[in-house]
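Reproduced below: start-v5.cif, with mmCIF, C-alpha atoms.
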data_target
#
loop_
_atom_site.label_atom_id
_atom_site.label_comp_id
_atom_site.auth_asym_id
_atom_site.auth_seq_id
_atom_site.Cartn_x
_atom_site.Cartn_y
_atom_site.Cartn_z
CA MET C 1 21.80 107.58 -89.96
CA LYS C 2 24.68 106.74 -92.32
CA LYS C 3 26.46 104.91 -89.49
CA ILE C 4 23.40 102.77 -88.79
CA VAL C 5 22.99 101.86 -92.48
CA PHE C 6 26.68 100.93 -92.66
CA VAL C 7 26.44 98.65 -89.60
CA VAL C 8 23.33 96.85 -90.87
CA ALA C 9 24.77 96.42 -94.38
CA SER C 10 28.00 94.98 -92.96
CA CYS C 11 26.10 92.39 -90.94
CA LEU C 12 24.01 91.36 -93.98
CA LEU C 13 27.18 90.78 -95.98
CA VAL C 14 28.63 88.65 -93.18
CA SER C 15 25.38 86.70 -92.98
CA PHE C 16 25.54 85.92 -96.70
CA ALA C 17 29.18 84.84 -96.47
CA PHE C 18 28.51 82.47 -93.56
CA SER C 19 25.26 80.94 -94.78
CA GLN C 20 26.55 78.09 -97.00
CA ASP C 21 28.83 76.00 -94.70
CA SER C 22 28.02 72.39 -93.83
CA LEU C 23 29.70 69.65 -91.84
CA THR C 24 31.53 68.53 -95.01
CA SER C 25 33.59 71.73 -95.09
CA ILE C 26 34.11 71.82 -91.32
CA ILE C 27 35.15 68.17 -90.95
CA PRO C 28 36.36 66.96 -94.40
CA SER C 29 37.00 63.43 -93.14
CA ALA C 30 33.49 62.95 -91.72
CA SER C 31 31.67 59.85 -92.92
CA PRO C 32 28.63 60.23 -95.23
CA SER C 33 26.34 58.83 -92.51
CA LEU C 34 27.54 61.45 -90.02
CA ILE C 35 27.14 64.22 -92.56
CA LYS C 36 23.59 63.08 -93.24
CA LYS C 37 22.66 63.17 -89.56
CA VAL C 38 24.33 66.40 -88.46
CA LYS C 39 24.80 69.85 -89.94
CA LEU C 40 26.62 72.06 -87.48
CA PRO C 41 25.45 75.42 -88.87
CA ASN C 42 21.88 74.38 -88.05
CA ARG C 43 22.67 73.87 -84.37
CA PRO C 44 21.79 76.51 -81.76
CA GLY C 45 24.84 78.76 -81.66
CA ASP C 46 24.06 81.63 -79.29
CA HIS C 47 22.51 83.53 -82.18
CA PHE C 48 20.57 85.75 -79.77
CA MET C 49 22.01 87.20 -76.57
CA ILE C 50 20.42 89.32 -73.84
CA GLN C 51 22.61 90.89 -71.14
CA VAL C 52 21.77 92.64 -67.87
CA SER C 53 24.61 94.35 -66.03
CA SER C 54 25.81 96.37 -63.08
CA ASP C 55 27.50 99.48 -64.55
CA HIS C 56 30.43 101.51 -63.22
CA TRP C 57 32.79 104.31 -64.27
CA THR C 58 36.54 104.13 -63.67
CA ASN C 59 38.83 107.02 -62.66
CA LYS C 60 36.03 109.13 -61.24
CA PRO C 61 37.14 112.28 -59.39
CA ASP C 62 35.86 112.65 -55.81
CA SER C 63 33.36 115.27 -56.94
CA ILE C 64 31.59 112.63 -59.05
CA ASN C 65 32.31 109.53 -56.97
CA SER C 66 30.77 110.96 -53.80
CA HIS C 67 27.47 111.64 -55.60
CA GLN C 68 27.14 108.44 -57.62
CA LYS C 69 24.45 106.47 -55.80
CA GLY C 70 21.96 103.70 -56.37
CA PHE C 71 22.12 100.64 -58.63
CA SER C 72 23.53 101.78 -61.96
CA ARG C 73 22.60 99.23 -64.60
CA GLY C 74 22.69 98.36 -68.27
CA PHE C 75 20.85 96.26 -70.83
CA SER C 76 22.07 94.83 -74.14
CA ALA C 77 20.59 92.65 -76.88
CA TYR C 78 22.43 91.21 -79.88
CA PHE C 79 21.69 89.06 -82.92
CA MET C 80 24.79 86.98 -83.74
CA LEU C 81 26.00 84.80 -86.58
CA ASP C 82 28.16 81.81 -85.59
CA LYS C 83 30.99 80.52 -87.84
CA PRO C 84 32.59 77.22 -86.67
CA PHE C 85 36.26 76.69 -87.48
CA ARG C 86 37.00 74.23 -90.27
CA SER C 87 39.63 72.44 -88.17
CA SER C 88 37.55 72.09 -84.99
CA PRO C 89 33.82 72.79 -84.49
CA LYS C 90 34.44 73.44 -80.79
CA TYR C 91 35.83 76.84 -81.81
CA SER C 92 33.93 79.50 -83.70
CA ILE C 93 33.72 83.19 -84.50
CA GLY C 94 30.56 85.09 -83.62
CA ILE C 95 29.70 88.44 -85.19
CA GLY C 96 26.49 90.43 -85.15
CA VAL C 97 24.66 93.65 -84.41
CA GLY C 98 22.74 94.95 -81.42
CA VAL C 99 22.03 97.72 -78.96
CA SER C 100 23.50 98.52 -75.56
CA THR C 101 22.23 100.93 -72.92
CA SER C 102 23.75 102.18 -69.68
CA ASN C 103 22.11 104.12 -66.81
CA ILE C 104 24.39 105.76 -64.24
CA PHE C 105 22.52 107.07 -61.18
CA PHE C 106 23.47 110.07 -59.04
CA LYS C 107 22.29 111.66 -55.79
CA ARG C 108 22.25 115.45 -55.31
CA GLU C 109 24.08 116.04 -58.59
CA SER C 110 23.40 118.17 -61.68
CA ILE C 111 24.90 117.44 -65.12
CA ASP C 112 24.51 120.18 -67.73
CA LEU C 113 24.57 118.33 -71.08
CA LYS C 114 23.53 121.50 -72.93
CA THR C 115 26.34 123.65 -71.58
CA SER C 116 28.19 125.93 -73.99
CA SER C 117 31.41 125.24 -72.07
CA PRO C 118 34.06 122.88 -73.54
CA LEU C 119 33.91 120.99 -70.20
CA LEU C 120 30.91 118.93 -69.08
CA PRO C 121 29.85 120.34 -65.66
CA PHE C 122 29.15 117.92 -62.82
CA THR C 123 27.74 120.14 -60.05
CA ALA C 124 26.97 119.06 -56.47
CA VAL C 125 23.58 120.32 -55.25
CA ASP C 126 23.85 119.26 -51.60
CA SER C 127 22.40 122.47 -50.18
CA THR C 128 19.82 123.43 -52.79
CA ASN C 129 16.94 121.98 -54.80
CA HIS C 130 17.65 118.62 -56.42
CA PHE C 131 15.93 115.61 -57.95
CA LYS C 132 15.12 112.53 -55.89
CA LYS C 133 16.08 110.28 -58.82
CA TYR C 134 18.70 111.41 -61.31
CA LYS C 135 20.59 109.52 -64.02
CA LEU C 136 22.72 109.86 -67.13
CA ALA C 137 21.70 107.37 -69.80
CA THR C 138 23.47 106.37 -73.00
CA GLY C 139 22.46 104.15 -75.92
CA PHE C 140 24.83 102.62 -78.50
CA LEU C 141 24.37 100.66 -81.70
CA GLU C 142 27.13 98.03 -81.63
CA ILE C 143 28.89 95.36 -83.67
CA PRO C 144 30.16 92.58 -81.35
CA LEU C 145 32.89 90.13 -82.43
CA GLU C 146 33.65 87.03 -80.32
CA PHE C 147 36.13 84.16 -80.39
CA ARG C 148 34.11 81.29 -78.90
CA TYR C 149 34.79 77.89 -77.35
CA THR C 150 31.98 75.34 -76.84
CA SER C 151 32.84 72.01 -75.21
CA LYS C 152 29.91 70.18 -76.88
CA PRO C 153 29.20 71.77 -80.29
CA LEU C 154 26.20 69.51 -80.94
CA GLU C 155 24.67 70.12 -77.49
CA PRO C 156 25.31 73.80 -76.72
CA ASN C 157 22.62 73.88 -74.04
CA LYS C 158 24.60 71.22 -72.11
CA SER C 159 27.99 72.73 -72.81
CA PHE C 160 30.69 74.74 -71.07
CA LYS C 161 31.21 78.00 -72.97
CA LEU C 162 33.92 80.62 -73.09
CA ALA C 163 34.08 83.74 -75.28
CA LEU C 164 36.50 86.66 -75.65
CA GLY C 165 35.89 89.57 -77.96
CA LEU C 166 35.55 93.21 -78.89
CA LYS C 167 32.64 95.54 -79.61
CA ALA C 168 32.61 98.69 -81.74
CA GLY C 169 29.70 101.06 -81.15
CA THR C 170 28.27 104.35 -82.31
CA LEU C 171 26.39 106.64 -79.92
CA VAL C 172 22.71 107.07 -80.81
CA ASN C 173 21.39 108.76 -77.66
CA VAL C 174 22.53 110.36 -74.42
CA HIS C 175 20.30 112.14 -71.94
CA ILE C 176 19.93 113.09 -68.32
CA LYS C 177 16.65 112.43 -66.53
CA GLY C 178 15.51 113.74 -63.16
CA LYS C 179 12.31 112.80 -61.32
CA THR C 180 10.59 114.46 -58.34
CA LEU C 181 12.07 117.84 -57.48
CA GLN C 182 12.96 118.22 -53.78
CA ASP C 183 14.30 121.01 -51.56
CA LYS C 184 17.56 120.76 -49.60
CA ASN C 185 15.76 118.90 -46.79
CA ASN C 186 14.40 116.27 -49.20
CA ASN C 187 10.86 117.63 -49.05
CA THR C 188 8.99 117.20 -52.33
CA ILE C 189 8.37 120.44 -54.23
CA THR C 190 6.76 118.94 -57.34
CA GLY C 191 6.56 115.71 -59.29
CA TYR C 192 8.21 117.45 -62.24
CA THR C 193 10.36 115.29 -64.57
CA LEU C 194 13.36 116.80 -66.36
CA LYS C 195 14.84 115.26 -69.52
CA GLU C 196 17.61 116.82 -71.63
CA ASN C 197 19.48 115.40 -74.63
CA SER C 198 22.85 116.35 -76.09
CA LYS C 199 25.73 114.32 -77.57
CA ARG C 200 28.10 117.26 -78.04
CA LEU C 201 30.61 116.40 -75.30
CA MET C 202 30.22 112.62 -75.33
CA ASN C 203 32.52 110.34 -77.29
CA GLY C 204 30.51 109.26 -80.35
CA THR C 205 32.44 106.01 -80.81
CA ARG C 206 33.07 103.29 -78.23
CA PHE C 207 35.47 100.33 -78.31
CA THR C 208 34.98 97.65 -75.67
CA ALA C 209 36.79 94.46 -74.64
CA THR C 210 34.42 91.64 -73.65
CA GLY C 211 34.54 88.25 -71.98
CA ARG C 212 32.00 85.70 -70.80
CA ILE C 213 32.03 82.24 -69.25
CA GLY C 214 29.16 79.92 -68.45
CA TYR C 215 27.23 76.72 -68.96
CA GLY C 216 24.29 76.19 -71.29
CA VAL C 217 22.19 79.30 -71.85
CA ILE C 218 23.53 81.26 -68.84
CA SER C 219 26.89 83.01 -68.66
CA LEU C 220 28.65 85.59 -66.53
CA PHE C 221 30.15 88.42 -68.55
CA GLY C 222 32.32 91.48 -68.15
CA THR C 223 33.17 94.43 -70.40
CA TYR C 224 35.73 97.22 -70.25
CA GLN C 225 35.66 100.33 -72.42
CA LEU C 226 39.00 100.93 -74.15
CA ASN C 227 38.50 104.63 -74.91
CA ASN C 228 37.03 107.47 -72.86
CA ILE C 229 33.36 108.18 -72.15
CA LEU C 230 33.83 111.91 -72.77
CA LYS C 231 35.55 113.58 -75.68
CA ASP C 232 39.17 114.61 -75.18
CA GLY C 233 39.30 117.74 -73.04
CA ALA C 234 35.61 117.54 -72.05
CA GLY C 235 36.25 116.09 -68.59
CA PRO C 236 37.94 113.27 -66.65
CA ALA C 237 39.35 110.32 -68.63
CA MET C 238 36.71 107.82 -67.44
CA GLN C 239 35.75 104.44 -68.88
CA LEU C 240 32.66 102.25 -68.47
CA TYR C 241 32.91 98.71 -67.18
CA GLN C 242 30.05 96.26 -66.73
CA VAL C 243 29.57 92.96 -64.89
CA GLY C 244 26.45 90.90 -65.36
CA ILE C 245 24.52 87.91 -66.69
CA THR C 246 24.02 86.76 -70.29
CA LEU C 247 21.08 84.67 -71.54
CA SER C 248 21.82 83.13 -74.91
CA GLY C 249 20.45 80.60 -77.34
CA LEU C 250 18.59 79.94 -80.60
#
Now, as a test, write the supplied structure out as structure tokens.
Amino acid sequence: MKKIVFVVASCLLVSFAFSQDSLTSIIPSASPSLIKKVKLPNRPGDHFMIQVSSDHWTNKPDSINSHQKGFSRGFSAYFMLDKPFRSSPKYSIGIGVGVSTSNIFFKRESIDLKTSSPLLPFTAVDSTNHFKKYKLATGFLEIPLEFRYTSKPLEPNKSFKLALGLKAGTLVNVHIKGKTLQDKNNNTITGYTLKENSKRLMNGTRFTATGRIGYGVISLFGTYQLNNILKDGAGPAMQLYQVGITLSGL
């Protein structure tokens, strides 16, 4: 809870610091008539971003890779503040707060989040009962920071856009979920749904490199986690990477 309060408070302070700029401070030589007509901070500046992604883990051992099936996917949403550079309004810094989720799907696999072992067990269940649908899901509260380029600052919805950045996140939830218990021949035993939560062996902090490129309100983006998914010594040194689409505006 303290982490969440800290993140929100930080963003409020940034919002206050950025709220007073006008075209006069960004372009000191601008004529009075231009200043009267245009105030760059009031333009749409990708203040709200929604992202949908295809999610993957790097450096997976064969025991995990052979059982990772289906379309693993993620969803993110961020509220961003946009600070144009004083020297050129085509460049800006974006900072904000948001949430990011990731769902990694498996077939004939069991992950014991509540294990008492220092290692997180990934167990193949090829020849025994298993769940038809099975996933490991994580949720992070994140602070994204972007260095942005916009070819037409006054018409962002008709502009080429490029952004590079970093995200820092704190883990708020991790769980495994299984649906429809089957026998080894894939015959349904019951419609039982299993859900277990535990953050003990997962890395509670995530640092991610980000990039996106696009036109108007649609961009392609990619992310790469800079630290490990699991805590040191809890399992393979894997990282999350995502590729997907961003919708932005406001």
Minimum-distance residue to Gly98 (chain C), chosen among C:Leu113, C:Ile229, C:Ile50, C:Ile176 (using all atoms listed in the file): C:Ile50
Within 10 Å of region 196-205 of chain C using only C-alpha atoms, minus same-chain residues under 2 positions, as a VMD selection string: chain C and resid 111 to 120 136 to 138 140 to 142 168 to 178 194 207 227 to 235
Would you save the residues of that selection, restricted to C-alpha atoms, as a PDB file, in the frame of the given file?
ATOM      1  CA  ILE C 111      24.900 117.440 -65.120  1.00  0.00           C
ATOM      2  CA  ASP C 112      24.510 120.180 -67.730  1.00  0.00           C
ATOM      3  CA  LEU C 113      24.570 118.330 -71.080  1.00  0.00           C
ATOM      4  CA  LYS C 114      23.530 121.500 -72.930  1.00  0.00           C
ATOM      5  CA  THR C 115      26.340 123.650 -71.580  1.00  0.00           C
ATOM      6  CA  SER C 116      28.190 125.930 -73.990  1.00  0.00           C
ATOM      7  CA  SER C 117      31.410 125.240 -72.070  1.00  0.00           C
ATOM      8  CA  PRO C 118      34.060 122.880 -73.540  1.00  0.00           C
ATOM      9  CA  LEU C 119      33.910 120.990 -70.200  1.00  0.00           C
ATOM     10  CA  LEU C 120      30.910 118.930 -69.080  1.00  0.00           C
ATOM     11  CA  LEU C 136      22.720 109.860 -67.130  1.00  0.00           C
ATOM     12  CA  ALA C 137      21.700 107.370 -69.800  1.00  0.00           C
ATOM     13  CA  THR C 138      23.470 106.370 -73.000  1.00  0.00           C
ATOM     14  CA  PHE C 140      24.830 102.620 -78.500  1.00  0.00           C
ATOM     15  CA  LEU C 141      24.370 100.660 -81.700  1.00  0.00           C
ATOM     16  CA  GLU C 142      27.130  98.030 -81.630  1.00  0.00           C
ATOM     17  CA  ALA C 168      32.610  98.690 -81.740  1.00  0.00           C
ATOM     18  CA  GLY C 169      29.700 101.060 -81.150  1.00  0.00           C
ATOM     19  CA  THR C 170      28.270 104.350 -82.310  1.00  0.00           C
ATOM     20  CA  LEU C 171      26.390 106.640 -79.920  1.00  0.00           C
ATOM     21  CA  VAL C 172      22.710 107.070 -80.810  1.00  0.00           C
ATOM     22  CA  ASN C 173      21.390 108.760 -77.660  1.00  0.00           C
ATOM     23  CA  VAL C 174      22.530 110.360 -74.420  1.00  0.00           C
ATOM     24  CA  HIS C 175      20.300 112.140 -71.940  1.00  0.00           C
ATOM     25  CA  ILE C 176      19.930 113.090 -68.320  1.00  0.00           C
ATOM     26  CA  LYS C 177      16.650 112.430 -66.530  1.00  0.00           C
ATOM     27  CA  GLY C 178      15.510 113.740 -63.160  1.00  0.00           C
ATOM     28  CA  LEU C 194      13.360 116.800 -66.360  1.00  0.00           C
ATOM     29  CA  PHE C 207      35.470 100.330 -78.310  1.00  0.00           C
ATOM     30  CA  ASN C 227      38.500 104.630 -74.910  1.00  0.00           C
ATOM     31  CA  ASN C 228      37.030 107.470 -72.860  1.00  0.00           C
ATOM     32  CA  ILE C 229      33.360 108.180 -72.150  1.00  0.00           C
ATOM     33  CA  LEU C 230      33.830 111.910 -72.770  1.00  0.00           C
ATOM     34  CA  LYS C 231      35.550 113.580 -75.680  1.00  0.00           C
ATOM     35  CA  ASP C 232      39.170 114.610 -75.180  1.00  0.00           C
ATOM     36  CA  GLY C 233      39.300 117.740 -73.040  1.00  0.00           C
ATOM     37  CA  ALA C 234      35.610 117.540 -72.050  1.00  0.00           C
ATOM     38  CA  GLY C 235      36.250 116.090 -68.590  1.00  0.00           C
TER      39      GLY C 235
END
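Minimum atom-to-atom distances from C:Val99, C:Val125, C:Ile93, C:Leu166 to Ser66 (chain C) were compared using only C-alpha atoms, and the lowest value belongs to C:Val125.
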Any chance you could work out the axis-aligned box around region 81-94 of chain C, listed atoms only, 3 Å on each side, giving centre and edge lengths in Å to one decimal, as AutoDock Vina command-line options?
--center_x 32.8 --center_y 78.6 --center_z -85.5 --size_x 19.6 --size_y 19.0 --size_z 15.5
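Once the PyMOL selection byres ((chain C and resi 52) around 12) is applied to this file, the selection holds Met49, Ile50, Gln51, Ser53, Ser54, Asp55, Ser72, Arg73, Gly74, Phe75, Ser76, Ala77, Ser100, Thr101, Ser102, Asn103, Ile218, Ser219, Leu220, Phe221, Gly222, Thr223, Gln242, Val243, Gly244, Ile245, Thr246, Leu247 and Ser248 of chain C.
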Gap from CA of Asn187 (chain C) to CA of Asn65 (chain C) - Å, one decimal: 24.3 Å
Interatomic distance, CA of Ile213 (chain C) to CA of Pro156 (chain C) (Å, one decimal): 13.1 Å
For CA of Lys167 (chain C) and CA of Ser87 (chain C), the interatomic separation in Å (one decimal): 25.6 Å
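With all atoms listed in the file as the atoms that count, the residue of C:Thr128, C:Ser151, C:Gln239, C:Thr58 with the shortest distance to Lys184 (chain C) is C:Thr128.
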Selection dump of the PyMOL selection byres ((chain C and resi 94) around 12), as a short mmCIF file (atom, residue, chain, number, x, y, z; two decimals) with C-alpha atoms, in the coordinates of the input:
data_model
loop_
_atom_site.label_atom_id
_atom_site.label_comp_id
_atom_site.auth_asym_id
_atom_site.auth_seq_id
_atom_site.Cartn_x
_atom_site.Cartn_y
_atom_site.Cartn_z
CA CYS C 11 26.10 92.39 -90.94
CA VAL C 14 28.63 88.65 -93.18
CA SER C 15 25.38 86.70 -92.98
CA PHE C 18 28.51 82.47 -93.56
CA GLY C 45 24.84 78.76 -81.66
CA ASP C 46 24.06 81.63 -79.29
CA HIS C 47 22.51 83.53 -82.18
CA PHE C 48 20.57 85.75 -79.77
CA MET C 49 22.01 87.20 -76.57
CA TYR C 78 22.43 91.21 -79.88
CA PHE C 79 21.69 89.06 -82.92
CA MET C 80 24.79 86.98 -83.74
CA LEU C 81 26.00 84.80 -86.58
CA ASP C 82 28.16 81.81 -85.59
CA LYS C 83 30.99 80.52 -87.84
CA PRO C 84 32.59 77.22 -86.67
CA PHE C 85 36.26 76.69 -87.48
CA TYR C 91 35.83 76.84 -81.81
CA SER C 92 33.93 79.50 -83.70
CA ILE C 93 33.72 83.19 -84.50
CA ILE C 95 29.70 88.44 -85.19
CA GLY C 96 26.49 90.43 -85.15
CA VAL C 97 24.66 93.65 -84.41
CA ILE C 143 28.89 95.36 -83.67
CA PRO C 144 30.16 92.58 -81.35
CA LEU C 145 32.89 90.13 -82.43
CA GLU C 146 33.65 87.03 -80.32
CA PHE C 147 36.13 84.16 -80.39
CA ARG C 148 34.11 81.29 -78.90
CA TYR C 149 34.79 77.89 -77.35
CA THR C 150 31.98 75.34 -76.84
CA LEU C 162 33.92 80.62 -73.09
CA ALA C 163 34.08 83.74 -75.28
CA LEU C 164 36.50 86.66 -75.65
CA GLY C 165 35.89 89.57 -77.96
CA LEU C 166 35.55 93.21 -78.89
CA LYS C 167 32.64 95.54 -79.61
#
Among the residues C:Leu250, C:Ile104, C:Leu181, C:Val217, the one that comes closest to His130 (chain C) [using all atoms listed in the file]: C:Leu181
